[in-house]
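Novice: Pasting upload07.pdb here (PDB, C-alpha atoms):
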```
MODEL        1
ATOM      1  CA  ILE A   1      39.078  25.743  12.635
ATOM      2  CA  ASN A   2      38.573  22.999  10.056
ATOM      3  CA  SER A   3      40.698  19.971  10.922
ATOM      4  CA  VAL A   4      40.656  18.526   7.380
ATOM      5  CA  ALA A   5      40.875  21.603   5.177
ATOM      6  CA  ALA A   6      44.620  21.950   5.738
ATOM      7  CA  ALA A   7      45.140  18.475   4.314
ATOM      8  CA  THR A   8      44.311  19.729   0.803
ATOM      9  CA  ASN A   9      47.535  21.742   0.648
ATOM     10  CA  GLY A  10      50.212  19.709  -1.048
ATOM     11  CA  GLU A  11      48.348  16.384  -0.684
ATOM     12  CA  LYS A  12      48.354  14.443  -3.921
ATOM     13  CA  MET A  13      45.182  12.597  -4.864
ATOM     14  CA  LEU A  14      45.615   8.834  -5.005
ATOM     15  CA  ASN A  15      43.940   6.395  -7.379
ATOM     16  CA  PHE A  16      44.499   3.117  -5.512
ATOM     17  CA  TYR A  17      40.872   2.720  -4.395
ATOM     18  CA  THR A  18      39.017   3.259  -7.679
ATOM     19  CA  SER A  19      37.704  -0.287  -8.061
ATOM     20  CA  PHE A  20      36.608  -0.398  -4.417
ATOM     21  CA  LEU A  21      34.829   2.972  -4.558
ATOM     22  CA  ALA A  22      32.881   1.856  -7.633
ATOM     23  CA  ARG A  23      31.203  -0.764  -5.406
ATOM     24  CA  THR A  24      30.225   1.640  -2.624
ATOM     25  CA  ALA A  25      26.776   3.158  -2.134
ATOM     26  CA  VAL A  26      28.147   6.690  -2.551
ATOM     27  CA  PHE A  27      29.419   6.054  -6.093
ATOM     28  CA  LYS A  28      26.634   3.698  -7.158
ATOM     29  CA  GLY A  29      25.752   4.237 -10.822
ATOM     30  CA  ILE A  30      29.166   5.598 -11.836
ATOM     31  CA  PRO A  31      31.358   3.254 -13.961
ATOM     32  CA  ALA A  32      34.672   2.291 -12.381
ATOM     33  CA  LYS A  33      36.578   3.952 -15.229
ATOM     34  CA  ASP A  34      34.916   7.282 -14.361
ATOM     35  CA  ILE A  35      35.416   7.215 -10.574
ATOM     36  CA  ASP A  36      38.565   9.341 -10.744
ATOM     37  CA  LYS A  37      36.703  11.921 -12.834
ATOM     38  CA  ALA A  38      33.913  12.001 -10.264
ATOM     39  CA  ILE A  39      36.415  12.452  -7.429
ATOM     40  CA  ALA A  40      38.072  15.305  -9.314
ATOM     41  CA  CYS A  41      34.672  16.917  -9.877
ATOM     42  CA  LEU A  42      34.026  16.668  -6.126
ATOM     43  CA  ARG A  43      37.506  18.102  -5.390
ATOM     44  CA  GLY A  44      38.316  14.926  -3.533
ATOM     45  CA  PHE A  45      41.480  14.040  -1.660
ATOM     46  CA  TYR A  46      42.670  11.204   0.556
ATOM     47  CA  ARG A  47      44.095  11.407   4.040
ATOM     48  CA  SER A  48      45.389   8.783   6.469
ATOM     49  CA  PHE A  49      44.740   8.716  10.226
ATOM     50  CA  GLU A  50      46.281   6.763  13.069
ATOM     51  CA  ARG A  51      44.157   4.987  15.680
ATOM     52  CA  GLY A  52      42.595   7.468  18.092
ATOM     53  CA  GLN A  53      43.251  10.484  15.856
ATOM     54  CA  GLU A  54      40.431  13.015  15.540
ATOM     55  CA  ILE A  55      39.066  13.455  12.027
ATOM     56  CA  TYR A  56      36.500  16.099  12.975
ATOM     57  CA  ARG A  57      37.026  17.763  16.336
ATOM     58  CA  SER A  58      34.037  18.900  18.382
ATOM     59  CA  GLY A  59      33.249  22.440  17.272
ATOM     60  CA  ASP A  60      34.788  22.093  13.796
ATOM     61  CA  ILE A  61      33.083  23.795  10.863
ATOM     62  CA  VAL A  62      33.260  21.002   8.303
ATOM     63  CA  SER A  63      33.837  21.652   4.606
ATOM     64  CA  HIS A  64      34.271  18.052   3.351
ATOM     65  CA  ALA A  65      32.261  14.873   3.891
ATOM     66  CA  GLY A  66      34.216  11.648   4.331
ATOM     67  CA  ILE A  67      34.097   8.113   2.910
ATOM     68  CA  VAL A  68      36.031   5.383   4.724
ATOM     69  CA  VAL A  69      38.186   3.489   2.217
ATOM     70  CA  ASP A  70      40.248   1.602   4.803
ATOM     71  CA  GLY A  71      39.758   1.039   8.515
ATOM     72  CA  CYS A  72      36.916   2.249  10.709
ATOM     73  CA  VAL A  73      35.810   5.468  12.408
ATOM     74  CA  HIS A  74      33.512   6.275  15.326
ATOM     75  CA  ALA A  75      30.999   9.088  15.621
ATOM     76  CA  GLU A  76      30.982  10.101  19.278
ATOM     77  CA  GLN A  77      28.917  12.509  21.329
ATOM     78  CA  ILE A  78      30.767  14.357  24.079
ATOM     79  CA  GLY A  79      28.517  15.308  26.999
ATOM     80  CA  VAL A  80      28.884  18.466  29.041
ATOM     81  CA  ASP A  81      30.329  16.237  31.783
ATOM     82  CA  GLY A  82      32.946  14.889  29.370
ATOM     83  CA  LYS A  83      31.293  11.459  29.097
ATOM     84  CA  THR A  84      31.553   9.856  25.649
ATOM     85  CA  VAL A  85      28.599   8.155  23.944
ATOM     86  CA  LEU A  86      29.319   6.092  20.825
ATOM     87  CA  LEU A  87      26.702   7.126  18.268
ATOM     88  CA  LYS A  88      27.777   4.962  15.350
ATOM     89  CA  GLU A  89      30.611   2.815  14.060
ATOM     90  CA  ILE A  90      31.328   3.728  10.432
ATOM     91  CA  GLY A  91      32.998   1.005   8.421
ATOM     92  CA  ARG A  92      34.738   0.652   5.081
ATOM     93  CA  GLY A  93      32.710   2.124   2.227
ATOM     94  CA  GLU A  94      30.411   4.142   4.502
ATOM     95  CA  SER A  95      30.176   7.926   4.571
ATOM     96  CA  PHE A  96      30.015  10.500   7.352
ATOM     97  CA  GLY A  97      29.741  14.247   7.870
ATOM     98  CA  GLU A  98      27.292  14.960   5.034
ATOM     99  CA  ALA A  99      24.887  17.059   7.117
ATOM    100  CA  LEU A 100      27.704  18.960   8.849
ATOM    101  CA  CYS A 101      29.259  19.700   5.478
ATOM    102  CA  CYS A 102      26.044  20.989   3.904
ATOM    103  CA  LEU A 103      25.024  23.137   6.895
ATOM    104  CA  ARG A 104      28.524  24.479   7.639
ATOM    105  CA  GLN A 105      27.543  24.668  11.311
ATOM    106  CA  ALA A 106      29.757  23.640  14.218
ATOM    107  CA  ASN A 107      28.563  20.941  16.624
ATOM    108  CA  PRO A 108      30.303  21.357  20.002
ATOM    109  CA  PHE A 109      29.237  17.894  21.192
ATOM    110  CA  LEU A 110      30.162  15.725  18.189
ATOM    111  CA  ARG A 111      33.484  14.366  17.033
ATOM    112  CA  ILE A 112      34.607  11.780  14.493
ATOM    113  CA  ILE A 113      37.612   9.695  15.542
ATOM    114  CA  SER A 114      39.548   6.882  13.852
ATOM    115  CA  ALA A 115      38.982   3.570  15.633
ATOM    116  CA  GLU A 116      42.031   2.037  13.945
ATOM    117  CA  LYS A 117      44.515   2.970  11.253
ATOM    118  CA  THR A 118      42.240   4.513   8.646
ATOM    119  CA  LYS A 119      42.237   6.128   5.227
ATOM    120  CA  VAL A 120      39.430   8.519   4.261
ATOM    121  CA  LEU A 121      38.395  10.050   0.950
ATOM    122  CA  PHE A 122      37.095  13.588   1.521
ATOM    123  CA  ILE A 123      34.711  15.169  -0.987
ATOM    124  CA  GLN A 124      33.300  18.682  -1.147
ATOM    125  CA  LEU A 125      29.530  19.148  -1.070
ATOM    126  CA  PRO A 126      27.453  22.270  -1.780
ATOM    127  CA  SER A 127      26.740  24.282   1.357
ATOM    128  CA  GLU A 128      23.441  25.723   2.531
ATOM    129  CA  ASP A 129      24.284  29.130   1.051
ATOM    130  CA  GLY A 130      24.628  27.633  -2.427
ATOM    131  CA  THR A 131      28.407  27.742  -2.741
ATOM    132  CA  ASN A 132      30.297  24.904  -4.445
ATOM    133  CA  ARG A 133      27.393  24.114  -6.758
ATOM    134  CA  CYS A 134      28.283  22.307  -9.950
ATOM    135  CA  GLY A 135      26.374  20.846 -12.895
ATOM    136  CA  CYS A 136      28.739  17.880 -13.289
ATOM    137  CA  PRO A 137      26.624  14.744 -13.869
ATOM    138  CA  TYR A 138      28.883  12.692 -11.577
ATOM    139  CA  ARG A 139      28.378  15.183  -8.782
ATOM    140  CA  ILE A 140      24.606  14.955  -9.176
ATOM    141  CA  ILE A 141      24.705  11.135  -8.986
ATOM    142  CA  VAL A 142      26.858  11.242  -5.846
ATOM    143  CA  LEU A 143      24.531  13.778  -4.203
ATOM    144  CA  GLU A 144      21.519  11.569  -4.932
ATOM    145  CA  ASN A 145      23.346   8.582  -3.437
ATOM    146  CA  LEU A 146      24.332  10.600  -0.361
ATOM    147  CA  LEU A 147      20.698  11.571   0.137
ATOM    148  CA  HIS A 148      19.876   7.874   0.513
ATOM    149  CA  GLU A 149      22.811   7.428   2.893
ATOM    150  CA  MET A 150      21.614  10.357   5.011
ATOM    151  CA  ALA A 151      18.163   8.758   5.177
ATOM    152  CA  ARG A 152      19.769   5.569   6.484
ATOM    153  CA  ASN A 153      21.715   7.604   9.030
ATOM    154  CA  ILE A 154      18.491   9.235  10.213
ATOM    155  CA  GLN A 155      16.950   5.783  10.611
ATOM    156  CA  HIS A 156      19.980   4.718  12.652
ATOM    157  CA  LEU A 157      19.703   7.774  14.907
ATOM    158  CA  ASN A 158      15.984   7.094  15.430
ATOM    159  CA  MET A 159      16.942   3.586  16.549
ATOM    160  CA  LYS A 160      19.533   5.082  18.891
ATOM    161  CA  ILE A 161      16.897   7.356  20.440
ATOM    162  CA  GLN A 162      14.632   4.342  21.022
ATOM    163  CA  LEU A 163      17.529   2.434  22.581
ATOM    164  CA  LEU A 164      18.474   5.235  24.970
ATOM    165  CA  ALA A 165      14.804   5.660  25.920
ATOM    166  CA  GLN A 166      14.649   2.106  27.322
ATOM    167  CA  PRO A 167      13.992   2.321  31.088
ATOM    168  CA  THR A 168      16.583  -0.144  32.402
ATOM    169  CA  LEU A 169      20.045  -1.355  31.494
ATOM    170  CA  ARG A 170      18.685  -4.829  30.731
ATOM    171  CA  ASP A 171      16.073  -3.328  28.425
ATOM    172  CA  LYS A 172      18.796  -1.397  26.587
ATOM    173  CA  LEU A 173      20.937  -4.503  26.176
ATOM    174  CA  LEU A 174      18.026  -6.631  24.978
ATOM    175  CA  PHE A 175      16.890  -3.898  22.596
ATOM    176  CA  TYR A 176      20.358  -3.734  21.036
ATOM    177  CA  LEU A 177      20.798  -7.515  20.910
ATOM    178  CA  ARG A 178      17.365  -8.074  19.348
ATOM    179  CA  LEU A 179      18.054  -5.405  16.717
ATOM    180  CA  THR A 180      21.358  -7.069  15.873
ATOM    181  CA  GLN A 181      19.689 -10.471  15.751
ATOM    182  CA  ASN A 182      16.992  -9.196  13.387
ATOM    183  CA  ALA A 183      19.518  -7.425  11.148
ATOM    184  CA  LEU A 184      21.708 -10.540  10.810
ATOM    185  CA  HIS A 185      18.814 -13.046  10.768
ATOM    186  CA  ARG A 186      20.520 -15.394  13.215
ATOM    187  CA  ASN A 187      20.470 -16.019  16.956
ATOM    188  CA  SER A 188      24.261 -16.206  17.373
ATOM    189  CA  PHE A 189      26.485 -13.328  16.340
ATOM    190  CA  THR A 190      29.770 -11.686  17.205
ATOM    191  CA  LEU A 191      29.538  -8.316  18.903
ATOM    192  CA  PRO A 192      31.227  -5.627  16.803
ATOM    193  CA  PHE A 193      32.257  -3.771  19.968
ATOM    194  CA  THR A 194      34.442  -4.353  22.982
ATOM    195  CA  ARG A 195      32.571  -4.273  26.308
ATOM    196  CA  GLU A 196      33.822  -0.715  26.782
ATOM    197  CA  LYS A 197      32.488   0.435  23.380
ATOM    198  CA  LEU A 198      29.211  -1.425  23.924
ATOM    199  CA  ALA A 199      28.814   0.453  27.207
ATOM    200  CA  GLN A 200      29.493   3.738  25.423
ATOM    201  CA  PHE A 201      27.001   2.824  22.690
ATOM    202  CA  ILE A 202      24.161   2.276  25.161
ATOM    203  CA  SER A 203      25.359   5.073  27.487
ATOM    204  CA  ALA A 204      26.093   2.873  30.495
ATOM    205  CA  ASP A 205      28.949   2.009  32.837
ATOM    206  CA  ARG A 206      31.218  -0.761  31.548
ATOM    207  CA  SER A 207      31.264  -2.729  34.811
ATOM    208  CA  ALA A 208      27.459  -2.496  35.044
ATOM    209  CA  VAL A 209      27.148  -3.836  31.487
ATOM    210  CA  SER A 210      29.441  -6.780  32.302
ATOM    211  CA  ARG A 211      27.459  -7.578  35.448
ATOM    212  CA  GLU A 212      24.128  -7.427  33.634
ATOM    213  CA  LEU A 213      25.360  -9.652  30.804
ATOM    214  CA  SER A 214      26.528 -12.171  33.422
ATOM    215  CA  ARG A 215      23.099 -12.091  35.098
ATOM    216  CA  MET A 216      21.377 -12.590  31.744
ATOM    217  CA  LYS A 217      23.662 -15.560  31.066
ATOM    218  CA  ASP A 218      22.914 -17.078  34.492
ATOM    219  CA  GLU A 219      19.166 -16.672  33.874
ATOM    220  CA  GLY A 220      19.376 -18.468  30.515
ATOM    221  CA  ILE A 221      18.504 -15.421  28.415
ATOM    222  CA  ILE A 222      21.809 -15.448  26.527
ATOM    223  CA  GLN A 223      24.886 -17.594  26.043
ATOM    224  CA  ILE A 224      28.313 -15.930  25.886
ATOM    225  CA  GLU A 225      31.488 -17.364  24.370
ATOM    226  CA  GLY A 226      34.110 -14.657  24.033
ATOM    227  CA  LYS A 227      32.560 -11.941  21.877
ATOM    228  CA  THR A 228      29.921 -14.320  20.488
ATOM    229  CA  ILE A 229      26.438 -14.001  21.977
ATOM    230  CA  THR A 230      23.537 -16.365  21.410
ATOM    231  CA  LEU A 231      20.044 -15.126  22.201
ATOM    232  CA  MET A 232      17.901 -17.871  23.667
ATOM    233  CA  PRO A 233      14.115 -18.105  23.180
ATOM    234  CA  LYS A 234      12.289 -15.580  25.342
ATOM    235  CA  GLY A 235      11.985 -16.906  28.828
ATOM    236  CA  THR A 236      12.511 -16.136  32.472
ATOM    237  CA  GLY A 237      13.680 -12.613  33.189
ATOM    238  CA  GLU A 238      12.967 -11.136  29.765
ATOM    239  CA  GLN A 239      10.037  -8.852  29.160
ATOM    240  CA  LYS A 240       7.678  -9.878  26.356
ATOM    241  CA  THR A 241       8.516  -6.897  24.197
ATOM    242  CA  ASP A 242       8.607  -7.068  20.402
ATOM    243  CA  PHE A 243      11.149  -4.887  18.636
TER     244      PHE A 243
ENDMDL
END
```
Please re-express this file's structure in structure tokens.

Specialist:
Amino acid sequence: INSVAAATNGEKMLNFYTSFLARTAVFKGIPAKDIDKAIACLRGFYRSFERGQEIYRSGDIVSHAGIVVDGCVHAEQIGVDGKTVLLKEIGRGESFGEALCCLRQANPFLRIISAEKTKVLFIQLPSEDGTNRCGCPYRIIVLENLLHEMARNIQHLNMKIQLLAQPTLRDKLLFYLRLTQNALHRNSFTLPFTREKLAQFISADRSAVSRELSRMKDEGIIQIEGKTITLMPKGTGEQKTDF
């Protein structure tokens, strides 16, 4: 069953997000005045989701990739024991589901869920068997842009593998915090997750994460003020590991 295919029936395409989409990586190189033409070429349609609503269910065969135009979605892995691991938070302007759409293969352990009230633009991509091919120049530009986005997603998943391979909970937390520090180029930053989502992201128990953060604060490794964390210079209790 495809959870988004049914939305095409009777759903009218909207044009409210044209100027925003022109600034996204997916539509890079397409003039704003031609965005609607590109969406039509890609057989695009919009759909709204409430917080906690599944966009792709685990086991879905996906026919459309998504672009978040409002809100935020989470890519989650569901373990055989039912435990949820947050793979990635996908924000406004970012895409998801490209590989699933092209392969047309179900993944029984992956789901995409809306983290808040969300609107998504769905576009149709050519599948592995060659169906839905089109010589439209807009389509070709979008596919080239999505190739770059998929490369970034692969880089993110490689980082996630390195994170999960860290031997201890403290190592996982420090790995994630150092990556965030390096990406933002500052020592103090606001965590994008709640403690519960952070625990899911690093595949750990929430209470254990809270305890370890408290220990790291007591040892002078970090400072915590609400959701803001400041990484202190490497000192007592932190391994001399460069990320």

Novice: Calculated over only C-alpha atoms, which of the candidates A:Glu225, A:Glu89, A:Asp218, A:Glu144 has the smallest distance to Ala25 in chain A?

Specialist: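 So, comparing all the options, the nearest one is A:Glu144.
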
Novice: Starting from the shown file, work through the PyMOL selection byres ((chain A and resi 112) around 6) and note down what comes out as a list in words.

Specialist: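 This file gives the following for the PyMOL selection byres ((chain A and resi 112) around 6): Ile55, Tyr56, His74, Ala75, Arg111 and Ile113 of chain A.
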
Novice: I'd like the interatomic distance between CA of Ile161 in chain A and CA of Gly52 in chain A, to a tenth of an Å.

Specialist: 25.8 Å

Novice: Applied to the shown file, which residues does the PyMOL selection byres ((chain A and resi 172) around 12) return, written as a PyMOL selection string?

Specialist: chain A and resi 159-171+173-179+198-204+209+212-213+238-239+241+243

Novice: So the first atom is CA of Ser207 in chain A and the second is CA of Met232 in chain A; what is the distance between them in Å, to one decimal place?

Specialist: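 Atom-to-atom, CA of Ser207 in chain A to CA of Met232 in chain A, that is 23.1 Å.
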
Novice: For range 113-129 of chain A, what centre and edge lengths in Å (one decimal) does the axis-aligned box get once 8 Å is added on each side of all its listed atoms, as AutoDock Vina command-line options?

Specialist:
```
--center_x 34.0 --center_y 15.6 --center_z 6.9 --size_x 37.1 --size_y 43.1 --size_z 33.4
```

Novice: Please indicate the distance in Å from CA of Leu103 in chain A to CA of Asn145 in chain A, rounded to one decimal place.

Specialist: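 Going from CA of Leu103 in chain A over to CA of Asn145 in chain A, I get 17.9 Å.
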
Novice: Return as a PyMOL selection string the set of residues that the PyMOL selection byres ((chain A and resi 222) around 10) yields on the displayed structure.

Specialist: chain A and resi 174+177+187-188+213-221+223-224+229-234

Novice: What's the 9 Å shell around Ile141 in chain A, counting all atoms listed in the file, without same-chain residues fewer than 6 positions away, as a PyMOL selection string?

Specialist: chain A and resi 26-30

Novice: Using all atoms listed in the file, which residue out of A:Thr18, A:Gln155, A:Thr24, A:Thr228 lies closest to Phe189 in chain A?

Specialist: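 The answer is A:Thr228, which sits nearest to Phe189 in chain A.
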
Novice: With distances taken over only C-alpha atoms, which of A:Leu191, A:Ile123, A:Leu157, A:Val62 is nearest to Lys88 in chain A?

Specialist: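 Ranking A:Leu191, A:Ile123, A:Leu157, A:Val62 by distance to Lys88 in chain A, first place goes to A:Leu157.
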